[in-house]
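coords20.csv follows; it contains CSV, C-alpha atoms.
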chain,number,residue,atom,x,y,z
K,1,LYS,CA,0.0,0.0,0.0
K,2,ILE,CA,2.9,2.4,0.8
K,3,LEU,CA,4.4,1.7,-2.6
K,4,LEU,CA,1.1,2.3,-4.3
K,5,SER,CA,0.6,5.5,-2.4
K,6,LEU,CA,4.0,6.7,-3.5
K,7,LEU,CA,3.3,5.9,-7.1
K,8,LEU,CA,0.0,7.8,-6.9
K,9,LEU,CA,1.8,10.8,-5.4
K,10,VAL,CA,4.5,10.8,-8.1
K,11,LEU,CA,1.8,10.5,-10.8
K,12,LEU,CA,-0.1,13.4,-9.2
K,13,ALA,CA,3.0,15.5,-9.1
K,14,ILE,CA,3.7,14.8,-12.8
K,15,VAL,CA,0.1,15.7,-13.7
K,16,VAL,CA,0.4,19.0,-11.7
K,17,ILE,CA,3.7,19.9,-13.3
K,18,TYR,CA,2.4,19.1,-16.8
K,19,LEU,CA,-0.6,21.4,-16.2
K,20,LEU,CA,1.4,24.2,-14.7
K,21,LEU,CA,3.8,24.2,-17.6
K,22,GLN,CA,0.9,25.0,-19.9
K,23,THR,CA,0.1,28.2,-18.0
K,24,ARG,CA,1.5,31.6,-18.6
K,25,PRO,CA,3.8,31.4,-15.5
K,26,GLY,CA,4.9,28.0,-16.7
K,27,ALA,CA,5.8,29.4,-20.1
K,28,ARG,CA,7.6,32.3,-18.5
K,29,TRP,CA,9.6,29.9,-16.3
K,30,ILE,CA,10.6,27.7,-19.3
K,31,SER,CA,11.6,30.9,-21.3
K,32,ASP,CA,13.7,32.3,-18.5
K,33,THR,CA,15.4,29.0,-17.8
K,34,ILE,CA,16.4,28.5,-21.5
K,35,SER,CA,17.5,32.1,-21.8
K,36,ALA,CA,19.6,32.0,-18.6
K,37,ASN,CA,21.4,28.8,-19.5
K,38,SER,CA,22.1,29.1,-23.2
K,39,ALA,CA,23.4,31.6,-25.8
K,40,TRP,CA,19.8,32.1,-27.0
K,41,HIS,CA,16.8,34.0,-25.8
K,42,LEU,CA,13.3,32.6,-26.0
K,43,THR,CA,10.0,33.9,-25.0
K,44,PHE,CA,6.5,32.6,-25.6
K,45,SER,CA,3.1,33.3,-24.1
K,46,LYS,CA,1.8,29.8,-23.7
K,47,MET,CA,2.5,26.1,-24.4
K,48,GLU,CA,-0.2,23.7,-25.5
K,49,HIS,CA,-0.2,19.9,-25.5
K,50,ASN,CA,-3.2,17.7,-26.0
K,51,PHE,CA,-3.3,13.9,-25.4
K,52,SER,CA,-5.7,13.6,-28.3
K,53,ASP,CA,-2.7,14.7,-30.5
K,54,PRO,CA,0.3,13.8,-28.4
K,55,ALA,CA,2.9,14.1,-31.1
K,56,HIS,CA,2.5,17.9,-31.3
K,57,LEU,CA,3.7,20.6,-28.9
K,58,ILE,CA,2.4,24.1,-29.7
K,59,LEU,CA,4.0,27.4,-28.6
K,60,ASN,CA,2.2,30.7,-29.0
K,61,ASP,CA,3.6,34.2,-29.6
K,62,VAL,CA,7.2,33.0,-29.9
K,63,SER,CA,10.3,35.1,-30.1
K,64,PHE,CA,13.7,33.3,-30.5
K,65,GLY,CA,17.2,34.4,-31.4
K,66,GLU,CA,20.7,34.9,-30.2
K,67,ARG,CA,21.2,36.6,-26.9
K,68,ASP,CA,21.7,40.4,-27.1
K,69,ARG,CA,20.8,40.4,-30.8
K,70,PRO,CA,17.5,41.0,-32.6
K,71,ALA,CA,15.2,37.9,-32.8
K,72,THR,CA,15.8,35.5,-35.6
K,73,LEU,CA,12.3,34.2,-35.4
K,74,THR,CA,8.9,35.6,-34.3
K,75,ALA,CA,5.8,33.6,-34.9
K,76,LYS,CA,2.2,33.6,-33.8
K,77,LYS,CA,2.3,29.9,-33.6
K,78,VAL,CA,5.1,27.3,-33.6
K,79,ASP,CA,4.1,23.6,-33.9
K,80,LEU,CA,6.8,21.1,-32.9
K,81,GLY,CA,6.2,17.6,-34.2
K,82,LEU,CA,7.6,15.1,-31.7
K,83,SER,CA,8.9,11.6,-32.2
K,84,VAL,CA,11.0,8.9,-30.4
K,85,VAL,CA,14.1,10.7,-31.7
K,86,GLN,CA,13.7,13.3,-28.9
K,87,PHE,CA,15.1,10.7,-26.5
K,88,THR,CA,18.5,10.8,-28.2
K,89,GLU,CA,18.3,14.1,-30.1
K,90,PRO,CA,16.1,16.5,-28.0
K,91,LEU,CA,16.5,19.4,-30.5
K,92,HIS,CA,15.7,17.4,-33.7
K,93,PHE,CA,12.0,17.3,-34.5
K,94,ALA,CA,9.8,15.3,-36.8
K,95,SER,CA,8.4,18.6,-38.1
K,96,ILE,CA,8.5,22.3,-37.3
K,97,TRP,CA,5.6,24.5,-38.4
K,98,LEU,CA,6.1,28.3,-38.3
K,99,GLU,CA,3.0,30.5,-38.8
K,100,GLN,CA,2.3,34.2,-39.1
K,101,GLY,CA,5.6,35.8,-38.2
K,102,SER,CA,9.0,36.7,-39.5
K,103,LEU,CA,12.5,35.1,-40.1
K,104,THR,CA,15.4,37.6,-40.0
K,105,LEU,CA,18.6,36.0,-41.3
K,106,ALA,CA,21.7,37.9,-40.1
K,107,GLU,CA,25.3,37.5,-41.3
K,108,HIS,CA,27.9,35.9,-39.0
K,109,SER,CA,25.1,34.5,-36.8
K,110,ARG,CA,25.3,31.2,-34.9
K,111,PRO,CA,23.6,28.2,-36.6
K,112,VAL,CA,20.1,27.7,-35.2
K,113,PRO,CA,20.4,24.8,-32.7
K,114,LEU,CA,17.3,23.1,-34.1
K,115,SER,CA,16.7,20.7,-37.0
K,116,ALA,CA,13.7,18.8,-38.4
K,117,ASN,CA,12.7,16.2,-40.9
K,118,ARG,CA,10.5,19.0,-42.4
K,119,LEU,CA,10.3,22.7,-41.8
K,120,GLN,CA,7.0,24.3,-42.9
K,121,LEU,CA,6.4,28.0,-43.3
K,122,ASN,CA,2.9,29.6,-43.3
K,123,LYS,CA,2.2,33.3,-44.0
K,124,MET,CA,5.8,34.2,-42.9
K,125,ALA,CA,8.0,37.2,-43.8
K,126,VAL,CA,11.7,36.5,-44.6
K,127,ASN,CA,14.4,39.1,-44.5
K,128,ARG,CA,18.0,38.6,-45.4
K,129,ALA,CA,20.3,41.7,-45.8
K,130,TYR,CA,23.5,39.9,-46.7
K,131,GLY,CA,24.8,37.5,-49.4
K,132,GLU,CA,24.6,37.3,-53.1
K,133,PHE,CA,20.8,38.1,-53.1
K,134,PRO,CA,19.6,40.2,-50.3
K,135,ILE,CA,15.9,39.7,-50.1
K,136,THR,CA,12.7,40.9,-48.3
K,137,ALA,CA,9.7,38.6,-48.8
K,138,GLN,CA,6.2,38.7,-47.6
K,139,GLY,CA,3.5,36.0,-47.5
K,140,VAL,CA,6.0,33.1,-47.7
K,141,ASP,CA,4.6,29.5,-47.6
K,142,GLY,CA,6.4,26.3,-48.3
K,143,GLY,CA,8.8,23.7,-46.9
K,144,VAL,CA,12.3,22.4,-46.5
K,145,MET,CA,13.1,18.7,-46.2
K,146,PRO,CA,15.2,17.8,-44.3
K,147,TRP,CA,16.0,21.0,-42.4
K,148,LYS,CA,19.5,21.1,-41.0
K,149,PRO,CA,20.6,24.8,-40.8
K,150,ALA,CA,24.3,25.8,-40.6
K,151,ALA,CA,26.1,29.0,-40.1
K,152,ASN,CA,25.0,31.5,-42.7
K,153,ASP,CA,23.0,28.7,-44.4
K,154,PHE,CA,19.5,28.6,-43.1
K,155,ILE,CA,18.2,26.0,-45.5
K,156,GLY,CA,21.1,23.6,-45.0
K,157,ASN,CA,23.6,21.8,-47.2
K,158,ASP,CA,21.5,18.8,-48.2
K,159,ALA,CA,17.8,19.6,-48.6
K,160,ARG,CA,14.9,19.9,-51.0
K,161,PHE,CA,12.7,23.0,-50.9
K,162,GLN,CA,9.6,24.4,-52.3
K,163,LEU,CA,8.6,28.0,-51.5
K,164,SER,CA,6.2,30.6,-52.6
K,165,ALA,CA,5.9,34.3,-51.8
K,166,ALA,CA,3.1,36.8,-52.4
K,167,SER,CA,5.8,39.5,-52.8
K,168,LEU,CA,9.5,39.7,-52.9
K,169,ASN,CA,12.1,42.5,-53.2
K,170,VAL,CA,15.5,41.5,-54.6
K,171,LYS,CA,18.1,44.2,-54.9
K,172,GLY,CA,15.4,46.8,-55.1
K,173,ILE,CA,13.4,44.9,-57.8
K,174,PRO,CA,9.8,44.1,-56.7
K,175,VAL,CA,8.6,40.6,-57.6
K,176,THR,CA,5.2,39.1,-57.0
K,177,ASN,CA,3.7,35.6,-57.1
K,178,LEU,CA,7.0,33.9,-56.7
K,179,LEU,CA,7.4,30.1,-56.9
K,180,LEU,CA,10.7,28.4,-56.2
K,181,GLN,CA,11.6,24.7,-56.2
K,182,GLY,CA,15.0,23.2,-55.9
K,183,ARG,CA,17.6,21.4,-53.8
K,184,THR,CA,21.0,21.9,-52.2
K,185,ASN,CA,23.8,19.4,-52.1
K,186,ASN,CA,27.5,19.7,-51.2
K,187,LYS,CA,27.4,23.5,-51.5
K,188,GLN,CA,25.7,23.2,-54.9
K,189,LEU,CA,22.3,24.8,-55.6
K,190,ALA,CA,19.9,23.5,-58.2
K,191,ILE,CA,16.8,25.6,-59.1
K,192,ASP,CA,14.5,23.2,-60.8
K,193,ASN,CA,11.6,25.7,-61.2
K,194,PHE,CA,11.6,29.4,-60.8
K,195,GLY,CA,8.6,31.5,-61.7
K,196,ALA,CA,7.5,35.1,-60.8
K,197,ASP,CA,5.7,38.2,-62.0
K,198,VAL,CA,8.1,41.1,-62.4
K,199,ALA,CA,8.2,44.5,-64.2
K,200,LEU,CA,4.7,44.0,-65.7
K,201,GLY,CA,5.7,40.7,-67.2
K,202,SER,CA,6.7,37.3,-66.0
K,203,ILE,CA,9.9,35.1,-65.8
K,204,THR,CA,10.4,31.4,-65.6
K,205,ALA,CA,13.8,29.7,-65.3
K,206,SER,CA,15.9,26.7,-64.1
K,207,ALA,CA,19.5,26.9,-63.2
K,208,GLN,CA,22.4,25.4,-61.2
K,209,ARG,CA,25.2,26.9,-59.2
K,210,ASP,CA,28.3,24.9,-58.4
K,211,ALA,CA,30.4,25.0,-55.3
K,212,GLN,CA,32.6,27.8,-56.8
K,213,ASN,CA,29.4,30.0,-57.2
K,214,ASN,CA,29.4,29.6,-61.0
K,215,TRP,CA,25.9,29.6,-62.5
K,216,GLN,CA,24.7,27.6,-65.5
K,217,VAL,CA,21.2,28.5,-66.7
K,218,ALA,CA,19.4,25.6,-68.2
K,219,SER,CA,16.3,27.5,-69.3
K,220,LEU,CA,15.1,31.1,-69.2
K,221,ARG,CA,11.9,32.6,-70.5
K,222,LEU,CA,11.0,36.3,-70.3
K,223,ASN,CA,7.5,37.5,-71.1
K,224,SER,CA,6.7,41.2,-71.6
K,225,ILE,CA,9.3,42.3,-69.1
K,226,ARG,CA,9.5,46.1,-68.9
K,227,LEU,CA,12.5,46.7,-66.5
K,228,GLN,CA,14.8,49.7,-66.4
K,229,SER,CA,17.8,49.9,-64.1
K,230,GLN,CA,21.0,51.7,-63.6
K,231,LEU,CA,22.7,48.5,-62.5
K,232,SER,CA,25.0,46.6,-64.9
K,233,LEU,CA,24.5,42.9,-65.6
K,234,ASN,CA,27.5,42.2,-63.3
K,235,ASP,CA,25.8,44.1,-60.5
K,236,PHE,CA,22.7,41.9,-60.8
Show me the file's structure as structure tokens.
Amino acid sequence: KILLSLLLLVLLAIVVIYLLLQTRPGARWISDTISANSAWHLTFSKMEHNFSDPAHLILNDVSFGERDRPATLTAKKVDLGLSVVQFTEPLHFASIWLEQGSLTLAEHSRPVPLSANRLQLNKMAVNRAYGEFPITAQGVDGGVMPWKPAANDFIGNDARFQLSAASLNVKGIPVTNLLLQGRTNNKQLAIDNFGADVALGSITASAQRDAQNNWQVASLRLNSIRLQSQLSLNDF
């Protein structure tokens, strides 16, 4: 009877802790603990978990990034897909869903200490002010499989991706209705399908970039493009 009573007390304690962690004070305690014991800052308003869907952990109103730097990620909702891998790799998830927020990619930043079999974006903004193609994008949807980010390489070095954006600005050139499909492998980039509306017309293309940053364009179609720019071709 004593052993049974102890087991019941332990079970009760686990249930109480489980429920407390899903409150706002519980969310604040988790955020403060992670922020105080790592090189990253994390805040979220609430954590949700439901035994009817036990493989998903939901965080609301999330802000995440390097300590003492602007947030890399803000999102109204982050859905973390759980699996048995968490027992050996706690920061690798079956899936990560980011919804209604922004990703700000900064140069010389630490690699994000998370990975997933699939990263999914829904109604996100993406901003990158460095690199060959600085971009600002709105209304970004799509996915990356698998997602294993590295330093200055958010997508990762071995992944397939499919992304769309309602609007995009590349080097001051506005683009709408963007569709981008491709893959990365060993520092090589393959664009299997690129399509967008730009300068009152449209463009479709496919191309590859090797590890030395040399591009080979397999196909390029311009339709009714009306673009004027002071930039040279090399500047593009």
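With all atoms listed in the file as the atoms that count, the minimum distance from Leu200 of chain K to the choices K:Ile173, K:Ile225, K:Asn213, K:Arg183 is reached by K:Ile225.
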Which is closer to Arg160 of chain K than all the others in K:His56, K:His49, K:Lys148, K:Arg128, using all atoms listed in the file?
-> K:Lys148
How many Å lie between atom CA of Ala125 of chain K and atom CA of Pro111 of chain K, rounded to one decimal?
-> 19.4 Å
Atomic separation - atom CA of Ser206 of chain K relative to atom CA of Ile155 of chain K, Å | 18.8 Å
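For the atom pair formed by atom CA of Arg226 of chain K and atom CA of Ala199 of chain K, the distance is 5.1 Å, given to one decimal.
Closest approach to Thr176 of chain K from the set K:Phe154, K:Val144, K:Ala137, K:Leu57 is made by K:Ala137, with distances taken over all atoms listed in the file.
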Using only C-alpha atoms, determine which residues lie at most 9 Å from segment 27-34 of chain K, disregarding the query and same-chain residues fewer than 4 positions distant; provide the list as a VMD selection string.
-> chain K and resid 20 to 23 38 to 47 59
Contacts of Thr72 of chain K within 6 Å, only C-alpha atoms, excl. fewer than 5 positions in-chain, as a PDB file with C-alpha atoms, keeping the file's coordinate frame:
ATOM      1  CA  PHE K  64      13.700  33.300 -30.500  1.00  0.00           C
ATOM      2  CA  GLY K  65      17.200  34.400 -31.400  1.00  0.00           C
ATOM      3  CA  LEU K 103      12.500  35.100 -40.100  1.00  0.00           C
ATOM      4  CA  THR K 104      15.400  37.600 -40.000  1.00  0.00           C
TER       5      THR K 104
END
Within 10 Å of Leu220 of chain K using all atoms listed in the file, minus same-chain residues under 4 positions, as a list in words | Phe194, Gly195, Ile203, Thr204, Ala205, Ser206 and Ala207 of chain K
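Counting only C-alpha atoms and comparing K:Ile191, K:Val170, K:Met145, K:Ile58, the residue that lies closest to Lys77 of chain K is K:Ile58.
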